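S.K.: Supplied structure: my_file_22.pdb, PDB, C-alpha atoms, pLDDT in the B column.
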MODEL        1
ATOM      1  CA  MET A   1     113.547  53.692 100.454  1.00 42.00           C
ATOM      2  CA  THR A   2     113.169  54.646  96.802  1.00 47.00           C
ATOM      3  CA  ALA A   3     115.906  56.698  95.184  1.00 50.00           C
ATOM      4  CA  VAL A   4     114.830  60.168  94.123  1.00 52.00           C
ATOM      5  CA  THR A   5     115.545  60.850  90.468  1.00 59.00           C
ATOM      6  CA  ALA A   6     114.711  63.591  88.023  1.00 62.00           C
ATOM      7  CA  PRO A   7     111.128  63.423  86.671  1.00 67.00           C
ATOM      8  CA  GLN A   8     110.103  60.704  84.243  1.00 75.00           C
ATOM      9  CA  ARG A   9     111.079  61.297  80.640  1.00 76.00           C
ATOM     10  CA  GLU A  10     107.646  60.208  79.367  1.00 79.00           C
ATOM     11  CA  LEU A  11     105.900  62.904  81.404  1.00 86.00           C
ATOM     12  CA  ILE A  12     108.422  65.539  80.336  1.00 89.00           C
ATOM     13  CA  ASP A  13     107.993  64.623  76.670  1.00 87.00           C
ATOM     14  CA  ASP A  14     104.219  65.202  76.848  1.00 90.00           C
ATOM     15  CA  CYS A  15     104.903  68.956  76.713  1.00 91.00           C
ATOM     16  CA  VAL A  16     104.805  70.209  73.118  1.00 92.00           C
ATOM     17  CA  HIS A  17     105.823  73.780  74.085  1.00 92.00           C
ATOM     18  CA  CYS A  18     102.630  75.293  72.710  1.00 94.00           C
ATOM     19  CA  GLY A  19     102.584  78.088  75.307  1.00 92.00           C
ATOM     20  CA  PHE A  20      98.930  77.738  76.332  1.00 94.00           C
ATOM     21  CA  CYS A  21     100.115  77.571  79.947  1.00 94.00           C
ATOM     22  CA  LEU A  22     101.894  80.938  79.864  1.00 95.00           C
ATOM     23  CA  PRO A  23      98.921  83.281  80.376  1.00 95.00           C
ATOM     24  CA  HIS A  24      97.729  81.097  83.253  1.00 95.00           C
ATOM     25  CA  CYS A  25     100.998  81.000  85.204  1.00 95.00           C
ATOM     26  CA  PRO A  26     101.219  83.745  87.869  1.00 94.00           C
ATOM     27  CA  THR A  27     105.018  83.650  88.139  1.00 93.00           C
ATOM     28  CA  TYR A  28     105.415  83.984  84.379  1.00 95.00           C
ATOM     29  CA  GLN A  29     102.851  86.780  84.318  1.00 94.00           C
ATOM     30  CA  ASN A  30     104.682  88.686  87.060  1.00 92.00           C
ATOM     31  CA  TRP A  31     108.258  88.256  85.869  1.00 90.00           C
ATOM     32  CA  GLY A  32     107.976  87.410  82.165  1.00 93.00           C
ATOM     33  CA  GLU A  33     110.881  84.980  82.559  1.00 94.00           C
ATOM     34  CA  GLU A  34     110.566  81.822  80.459  1.00 94.00           C
ATOM     35  CA  MET A  35     112.278  79.667  83.087  1.00 94.00           C
ATOM     36  CA  ASP A  36     109.623  80.783  85.600  1.00 94.00           C
ATOM     37  CA  SER A  37     106.854  79.296  83.471  1.00 95.00           C
ATOM     38  CA  PRO A  38     105.699  75.675  83.340  1.00 95.00           C
ATOM     39  CA  ARG A  39     107.183  75.352  79.860  1.00 94.00           C
ATOM     40  CA  GLY A  40     110.532  76.729  81.034  1.00 95.00           C
ATOM     41  CA  ARG A  41     110.574  74.566  84.141  1.00 95.00           C
ATOM     42  CA  ILE A  42     109.866  71.502  82.013  1.00 94.00           C
ATOM     43  CA  ASP A  43     112.909  72.429  79.912  1.00 94.00           C
ATOM     44  CA  LEU A  44     114.943  72.609  83.121  1.00 94.00           C
ATOM     45  CA  MET A  45     113.564  69.217  84.157  1.00 93.00           C
ATOM     46  CA  ARG A  46     114.594  67.793  80.804  1.00 92.00           C
ATOM     47  CA  GLY A  47     118.103  69.206  81.233  1.00 92.00           C
ATOM     48  CA  LEU A  48     118.390  67.656  84.696  1.00 91.00           C
ATOM     49  CA  ARG A  49     117.038  64.339  83.432  1.00 88.00           C
ATOM     50  CA  THR A  50     119.473  64.114  80.522  1.00 89.00           C
ATOM     51  CA  GLY A  51     122.415  65.388  82.538  1.00 89.00           C
ATOM     52  CA  GLN A  52     122.872  68.442  80.309  1.00 92.00           C
ATOM     53  CA  MET A  53     122.229  70.641  83.328  1.00 91.00           C
ATOM     54  CA  GLN A  54     123.406  70.529  86.921  1.00 92.00           C
ATOM     55  CA  MET A  55     121.462  71.539  89.999  1.00 92.00           C
ATOM     56  CA  THR A  56     122.532  75.092  90.823  1.00 93.00           C
ATOM     57  CA  PRO A  57     121.054  77.779  93.084  1.00 92.00           C
ATOM     58  CA  THR A  58     119.529  79.432  89.992  1.00 93.00           C
ATOM     59  CA  VAL A  59     117.896  76.212  88.784  1.00 94.00           C
ATOM     60  CA  ALA A  60     116.562  75.449  92.273  1.00 93.00           C
ATOM     61  CA  ALA A  61     115.160  78.989  92.522  1.00 92.00           C
ATOM     62  CA  HIS A  62     113.119  78.538  89.326  1.00 94.00           C
ATOM     63  CA  PHE A  63     111.453  75.451  90.819  1.00 94.00           C
ATOM     64  CA  ASP A  64     110.981  77.148  94.200  1.00 92.00           C
ATOM     65  CA  ARG A  65     109.140  80.040  92.554  1.00 91.00           C
ATOM     66  CA  CYS A  66     106.361  77.787  91.271  1.00 93.00           C
ATOM     67  CA  LEU A  67     103.317  78.495  93.432  1.00 91.00           C
ATOM     68  CA  GLY A  68     101.863  75.056  92.769  1.00 91.00           C
ATOM     69  CA  CYS A  69      98.516  76.577  91.762  1.00 93.00           C
ATOM     70  CA  MET A  70      98.244  74.114  88.844  1.00 94.00           C
ATOM     71  CA  ALA A  71      96.429  76.615  86.623  1.00 94.00           C
ATOM     72  CA  CYS A  72      98.697  75.364  83.850  1.00 94.00           C
ATOM     73  CA  VAL A  73      97.346  71.812  84.191  1.00 94.00           C
ATOM     74  CA  THR A  74      93.800  72.821  83.259  1.00 94.00           C
ATOM     75  CA  ALA A  75      95.046  75.096  80.463  1.00 94.00           C
ATOM     76  CA  CYS A  76      97.221  72.437  78.812  1.00 94.00           C
ATOM     77  CA  PRO A  77      95.689  70.891  75.664  1.00 94.00           C
ATOM     78  CA  SER A  78      98.319  68.108  75.705  1.00 92.00           C
ATOM     79  CA  GLY A  79      97.394  66.910  79.184  1.00 92.00           C
ATOM     80  CA  VAL A  80     100.852  67.448  80.675  1.00 93.00           C
ATOM     81  CA  ARG A  81     100.878  66.198  84.269  1.00 93.00           C
ATOM     82  CA  TYR A  82     102.715  69.229  85.608  1.00 93.00           C
ATOM     83  CA  ASP A  83     101.471  68.445  89.110  1.00 92.00           C
ATOM     84  CA  VAL A  84     103.360  65.136  89.091  1.00 92.00           C
ATOM     85  CA  LEU A  85     106.381  66.705  87.389  1.00 93.00           C
ATOM     86  CA  ILE A  86     106.785  69.577  89.848  1.00 93.00           C
ATOM     87  CA  GLU A  87     106.222  67.257  92.829  1.00 92.00           C
ATOM     88  CA  GLU A  88     108.926  64.845  91.642  1.00 91.00           C
ATOM     89  CA  THR A  89     111.239  67.736  90.795  1.00 92.00           C
ATOM     90  CA  ARG A  90     110.831  69.372  94.198  1.00 91.00           C
ATOM     91  CA  ALA A  91     111.756  66.081  95.867  1.00 91.00           C
ATOM     92  CA  TYR A  92     114.766  65.870  93.550  1.00 91.00           C
ATOM     93  CA  VAL A  93     115.795  69.452  94.390  1.00 92.00           C
ATOM     94  CA  GLU A  94     115.555  68.772  98.126  1.00 90.00           C
ATOM     95  CA  ARG A  95     117.723  65.684  97.714  1.00 90.00           C
ATOM     96  CA  LYS A  96     120.354  67.174  95.397  1.00 89.00           C
ATOM     97  CA  TYR A  97     120.592  70.829  96.418  1.00 92.00           C
ATOM     98  CA  ARG A  98     122.086  71.901  99.745  1.00 92.00           C
ATOM     99  CA  ARG A  99     120.368  75.077 100.894  1.00 90.00           C
ATOM    100  CA  GLY A 100     122.012  77.703 103.059  1.00 88.00           C
ATOM    101  CA  PHE A 101     121.323  77.950 106.783  1.00 89.00           C
ATOM    102  CA  TRP A 102     118.887  80.898 106.591  1.00 84.00           C
ATOM    103  CA  ASP A 103     117.018  79.320 103.683  1.00 86.00           C
ATOM    104  CA  ARG A 104     116.643  76.036 105.605  1.00 89.00           C
ATOM    105  CA  LEU A 105     115.480  77.914 108.699  1.00 88.00           C
ATOM    106  CA  HIS A 106     112.955  79.945 106.701  1.00 86.00           C
ATOM    107  CA  ARG A 107     111.551  76.886 104.931  1.00 87.00           C
ATOM    108  CA  SER A 108     111.378  74.937 108.186  1.00 91.00           C
ATOM    109  CA  MET A 109     109.414  77.749 109.811  1.00 89.00           C
ATOM    110  CA  ILE A 110     106.938  77.873 106.935  1.00 88.00           C
ATOM    111  CA  PHE A 111     106.419  74.104 106.860  1.00 89.00           C
ATOM    112  CA  GLN A 112     106.086  73.916 110.656  1.00 94.00           C
ATOM    113  CA  ILE A 113     103.566  76.771 110.983  1.00 92.00           C
ATOM    114  CA  PHE A 114     101.434  77.423 107.910  1.00 89.00           C
ATOM    115  CA  PRO A 115      99.868  73.956 107.438  1.00 91.00           C
ATOM    116  CA  TYR A 116      98.624  73.954 111.047  1.00 94.00           C
ATOM    117  CA  PRO A 117      95.753  76.360 111.888  1.00 95.00           C
ATOM    118  CA  GLY A 118      96.435  76.229 115.643  1.00 95.00           C
ATOM    119  CA  ARG A 119     100.062  77.172 115.176  1.00 95.00           C
ATOM    120  CA  LEU A 120      99.078  79.891 112.716  1.00 92.00           C
ATOM    121  CA  ARG A 121      96.643  81.361 115.262  1.00 94.00           C
ATOM    122  CA  ALA A 122      99.377  81.337 117.917  1.00 94.00           C
ATOM    123  CA  MET A 123     101.730  83.115 115.539  1.00 90.00           C
ATOM    124  CA  ALA A 124      99.017  85.676 114.759  1.00 89.00           C
ATOM    125  CA  ALA A 125      98.657  86.356 118.490  1.00 92.00           C
ATOM    126  CA  PHE A 126     102.417  86.910 118.811  1.00 91.00           C
ATOM    127  CA  LEU A 127     102.352  89.248 115.807  1.00 89.00           C
ATOM    128  CA  LEU A 128      99.561  91.256 117.387  1.00 90.00           C
ATOM    129  CA  LEU A 129     101.619  91.579 120.578  1.00 91.00           C
ATOM    130  CA  TYR A 130     104.625  92.549 118.455  1.00 90.00           C
ATOM    131  CA  VAL A 131     102.602  95.413 117.015  1.00 89.00           C
ATOM    132  CA  TRP A 132     100.522  96.476 120.013  1.00 89.00           C
ATOM    133  CA  THR A 133     103.454  96.588 122.440  1.00 91.00           C
ATOM    134  CA  GLY A 134     105.386  98.903 120.135  1.00 89.00           C
ATOM    135  CA  ILE A 135     108.145  96.407 119.430  1.00 91.00           C
ATOM    136  CA  ARG A 136     107.465  96.618 115.679  1.00 90.00           C
ATOM    137  CA  TRP A 137     107.878 100.387 115.750  1.00 90.00           C
ATOM    138  CA  LEU A 138     111.107 100.021 117.724  1.00 92.00           C
ATOM    139  CA  VAL A 139     112.505  97.357 115.372  1.00 90.00           C
ATOM    140  CA  ARG A 140     111.656  99.403 112.277  1.00 89.00           C
ATOM    141  CA  HIS A 141     112.889 102.763 113.564  1.00 90.00           C
ATOM    142  CA  SER A 142     116.004 101.682 115.459  1.00 93.00           C
ATOM    143  CA  GLY A 143     117.744 100.101 112.479  1.00 89.00           C
ATOM    144  CA  LEU A 144     117.517  96.683 114.109  1.00 92.00           C
ATOM    145  CA  LEU A 145     115.553  95.408 111.120  1.00 89.00           C
ATOM    146  CA  LYS A 146     118.668  95.803 108.960  1.00 90.00           C
ATOM    147  CA  LEU A 147     120.318  93.044 111.021  1.00 90.00           C
ATOM    148  CA  PHE A 148     117.602  90.515 110.068  1.00 86.00           C
ATOM    149  CA  PRO A 149     118.212  88.099 107.178  1.00 84.00           C
ATOM    150  CA  PRO A 150     116.614  89.333 103.905  1.00 85.00           C
ATOM    151  CA  ARG A 151     113.720  86.866 104.016  1.00 82.00           C
ATOM    152  CA  MET A 152     112.849  87.831 107.586  1.00 84.00           C
ATOM    153  CA  ARG A 153     112.842  91.505 106.539  1.00 87.00           C
ATOM    154  CA  GLN A 154     110.464  90.607 103.698  1.00 85.00           C
ATOM    155  CA  LEU A 155     108.151  88.720 106.043  1.00 83.00           C
ATOM    156  CA  GLU A 156     108.211  91.577 108.543  1.00 87.00           C
ATOM    157  CA  ALA A 157     107.255  94.014 105.781  1.00 86.00           C
ATOM    158  CA  LEU A 158     104.251  91.851 104.804  1.00 83.00           C
ATOM    159  CA  GLN A 159     102.482  92.343 108.123  1.00 82.00           C
ATOM    160  CA  PRO A 160      99.109  94.018 107.749  1.00 78.00           C
ATOM    161  CA  VAL A 161      98.270  97.314 109.360  1.00 77.00           C
ATOM    162  CA  VAL A 162      96.674  96.614 112.732  1.00 73.00           C
ATOM    163  CA  ARG A 163      94.518  99.282 114.321  1.00 70.00           C
ATOM    164  CA  SER A 164      93.019  99.332 117.768  1.00 59.00           C
ATOM    165  CA  GLY A 165      89.432  98.066 117.949  1.00 57.00           C
ATOM    166  CA  ARG A 166      88.530 101.169 120.013  1.00 52.00           C
ATOM    167  CA  SER A 167      88.783 103.450 116.993  1.00 49.00           C
ATOM    168  CA  GLY A 168      86.025 101.518 115.259  1.00 46.00           C
ATOM    169  CA  SER A 169      88.364 100.032 112.689  1.00 45.00           C
ATOM    170  CA  GLN A 170      88.429  96.311 112.239  1.00 48.00           C
ATOM    171  CA  SER A 171      91.349  94.074 113.152  1.00 49.00           C
ATOM    172  CA  PRO A 172      92.736  92.202 110.134  1.00 50.00           C
ATOM    173  CA  TRP A 173      92.581  88.993 112.203  1.00 49.00           C
ATOM    174  CA  SER A 174      88.810  89.062 112.707  1.00 48.00           C
ATOM    175  CA  ARG A 175      86.539  86.591 110.926  1.00 48.00           C
ATOM    176  CA  ASP A 176      85.014  89.226 108.588  1.00 48.00           C
ATOM    177  CA  ALA A 177      88.362  90.689 107.626  1.00 47.00           C
ATOM    178  CA  CYS A 178      89.756  87.255 106.768  1.00 48.00           C
ATOM    179  CA  SER A 179      86.744  86.281 104.657  1.00 45.00           C
ATOM    180  CA  GLY A 180      86.097  83.162 106.654  1.00 44.00           C
ATOM    181  CA  SER A 181      88.149  80.932 108.836  1.00 47.00           C
ATOM    182  CA  SER A 182      91.671  81.292 107.481  1.00 46.00           C
ATOM    183  CA  ILE A 183      93.005  82.450 110.859  1.00 47.00           C
ATOM    184  CA  ARG A 184      90.248  81.481 113.279  1.00 45.00           C
ATOM    185  CA  GLY A 185      89.959  77.867 112.096  1.00 46.00           C
TER     186      GLY A 185
ENDMDL
END
Turn this file's structure into structure tokens for me.

M.R.:
Amino acid sequence: MTAVTAPQRELIDDCVHCGFCLPHCPTYQNWGEEMDSPRGRIDLMRGLRTGQMQMTPTVAAHFDRCLGCMACVTACPSGVRYDVLIEETRAYVERKYRRGFWDRLHRSMIFQIFPYPGRLRAMAAFLLLYVWTGIRWLVRHSGLLKLFPPRMRQLEALQPVVRSGRSGSQSPWSRDACSGSSIRG
């Protein structure tokens, strides 16, 4: 098994900090935080590589926030291989940073459900039952939601509005509402 190290210095040094990536990075656009941009993350990678920086929850969070959209790769005039850099860095983070229990559980759930359309459809069915049986209303109005971990509260809040098909409104899980086969497969 190969040891996981910080990203290669040669790839890190390809970045000339021109800033062409900044307007293309959604996390930088939303938060305006330099460390949440490709350029900022490359600086963090350099710090980890040289030993000037240690892996901390804050550093790990900056790498976790990258959506992996790779819009920065096509915008970069220097040809920085950010895709390779962020992949190597994420492996390094997973090896060097011990996440808390709820964070590990949350990440495990995402990686065990979202890449698999069948599992995602099953989860969608459970969410529909959660709404249609009135359990969602009960959870939200009884104060029970306050007992959930913060990430679970955020996920619960992201659920779309689901209306009964009898009223003529369309379910958000139907093929037309999802613009294709994202839920139906």

S.K.: State, in Å with one decimal place, the distance from atom CA of Cys18 of chain A to atom CA of Gly32 of chain A.

M.R.: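 Computing it gives 16.3 Å between the two atoms.
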
S.K.: Which polymer residues have any atom within 12 Å of an atom of segment 129-145 of chain A, counting all atoms listed in the file, with same-chain residues fewer than 4 positions away left out, as number ranges by chain?

M.R.: A: 122-125, 149-157, 159-165, 171

S.K.: With distances taken over all atoms listed in the file, which residue among A:Pro38, A:Gly100, A:Pro117, A:Gly79 lies nearest Pro57 of chain A?

M.R.: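 Comparing A:Pro38, A:Gly100, A:Pro117, A:Gly79 against Pro57 of chain A, the winner is A:Gly100.
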
S.K.: Which residue, A:Leu120, A:Cys72, A:Leu85, A:Val93, has the smallest gap to Asp13 of chain A when you use only C-alpha atoms?

M.R.: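 Of all the options, A:Leu85 lies closest to Asp13 of chain A.
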
S.K.: Nearest to Ala75 of chain A among A:Val16, A:Met53, A:Leu22, A:Leu11, with distances taken over only C-alpha atoms: which residue is it?

M.R.: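 Checking each of A:Val16, A:Met53, A:Leu22, A:Leu11 against Ala75 of chain A, counting only C-alpha atoms, the winner is A:Leu22.
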
S.K.: Kindly provide, as an MDAnalysis selection string, the polymer residues lying within 12 Å of (114.6, 67.7, 83.1), counting all atoms listed in the file and using the coordinates exactly as they appear in the file.

M.R.: chainID A and resid 5:13 15 38:55 59 63 85:86 88:90 92:93

S.K.: What does the structure give for the distance between atom CA of Arg65 of chain A and atom CA of Asp36 of chain A, in Å to one decimal?

M.R.: 7.0 Å

S.K.: Grab the atom CA of Gly68 of chain A to atom CA of His24 of chain A distance for me, in Å with one decimal place.

M.R.: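 Separation of atom CA of Gly68 of chain A and atom CA of His24 of chain A: 12.0 Å.
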
S.K.: Could you please give me, as number ranges by chain, the residues of protein, DNA or RNA lying at most 9 Å from (122.1, 70.8, 96.2) in the coordinate frame of the file, considering only C-alpha atoms?

M.R.: A: 55-57, 60, 93-99

S.K.: Calculated over only C-alpha atoms, which of the candidates A:Ala61, A:Cys66, A:Cys76, A:Leu158 has the smallest distance to Ser37 of chain A?

M.R.: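 Closest to Ser37 of chain A of all the choices is A:Cys66.
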
S.K.: A:Tyr28, A:Phe126, A:Tyr82, A:Tyr116: which is nearest Asp14 of chain A, counting all atoms listed in the file?

M.R.: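 So, comparing all the options, the nearest one is A:Tyr82.
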
S.K.: Take segment 33-59 of chain A, model N, CA and C atoms, and hand the result over as a compact mmCIF listing (two decimals), keeping the file's coordinate frame.

M.R.:
# COMPACT_ATOMS: atom_id res chain seq x y z
N GLU A 33 109.67 85.79 82.75
CA GLU A 33 110.88 84.98 82.56
C GLU A 33 110.46 83.57 82.13
N GLU A 34 110.94 83.13 80.99
CA GLU A 34 110.57 81.82 80.46
C GLU A 34 110.84 80.69 81.45
N MET A 35 111.94 80.75 82.15
CA MET A 35 112.28 79.67 83.09
C MET A 35 111.38 79.68 84.32
N ASP A 36 110.59 80.73 84.51
CA ASP A 36 109.62 80.78 85.60
C ASP A 36 108.21 80.49 85.10
N SER A 37 108.13 79.76 84.01
CA SER A 37 106.85 79.30 83.47
C SER A 37 106.86 77.77 83.50
N PRO A 38 105.71 77.14 83.40
CA PRO A 38 105.70 75.68 83.34
C PRO A 38 106.54 75.15 82.18
N ARG A 39 106.42 75.78 81.04
CA ARG A 39 107.18 75.35 79.86
C ARG A 39 108.68 75.46 80.11
N GLY A 40 109.12 76.55 80.72
CA GLY A 40 110.53 76.73 81.03
C GLY A 40 111.01 75.75 82.09
N ARG A 41 110.19 75.51 83.10
CA ARG A 41 110.57 74.57 84.14
C ARG A 41 110.66 73.15 83.58
N ILE A 42 109.79 72.82 82.64
CA ILE A 42 109.87 71.50 82.01
C ILE A 42 111.16 71.38 81.22
N ASP A 43 111.60 72.45 80.58
CA ASP A 43 112.91 72.43 79.91
C ASP A 43 114.03 72.19 80.91
N LEU A 44 113.94 72.84 82.08
CA LEU A 44 114.94 72.61 83.12
C LEU A 44 114.90 71.16 83.60
N MET A 45 113.70 70.62 83.75
CA MET A 45 113.56 69.22 84.16
C MET A 45 114.22 68.29 83.14
N ARG A 46 114.00 68.60 81.87
CA ARG A 46 114.59 67.79 80.80
C ARG A 46 116.12 67.86 80.89
N GLY A 47 116.65 69.05 81.11
CA GLY A 47 118.10 69.21 81.23
C GLY A 47 118.67 68.43 82.42
N LEU A 48 117.95 68.43 83.53
CA LEU A 48 118.39 67.66 84.70
C LEU A 48 118.31 66.16 84.41
N ARG A 49 117.25 65.76 83.73
CA ARG A 49 117.04 64.34 83.43
C ARG A 49 118.12 63.79 82.51
N THR A 50 118.48 64.58 81.50
CA THR A 50 119.47 64.11 80.52
C THR A 50 120.90 64.35 80.98
N GLY A 51 121.07 65.10 82.05
CA GLY A 51 122.42 65.39 82.54
C GLY A 51 123.07 66.58 81.86
N GLN A 52 122.33 67.26 80.99
CA GLN A 52 122.87 68.44 80.31
C GLN A 52 122.94 69.65 81.24
N MET A 53 122.28 69.53 82.38
CA MET A 53 122.23 70.64 83.33
C MET A 53 122.48 70.10 84.73
N GLN A 54 123.16 70.89 85.53
CA GLN A 54 123.41 70.53 86.92
C GLN A 54 122.49 71.34 87.83
N MET A 55 122.26 70.81 89.02
CA MET A 55 121.46 71.54 90.00
C MET A 55 122.30 72.68 90.54
N THR A 56 121.85 73.89 90.35
CA THR A 56 122.53 75.09 90.82
C THR A 56 121.53 75.91 91.64
N PRO A 57 122.01 76.92 92.36
CA PRO A 57 121.05 77.78 93.08
C PRO A 57 120.03 78.43 92.15
N THR A 58 120.44 78.80 90.95
CA THR A 58 119.53 79.43 89.99
C THR A 58 118.46 78.45 89.54
N VAL A 59 118.86 77.23 89.22
CA VAL A 59 117.90 76.21 88.78
C VAL A 59 116.92 75.91 89.92
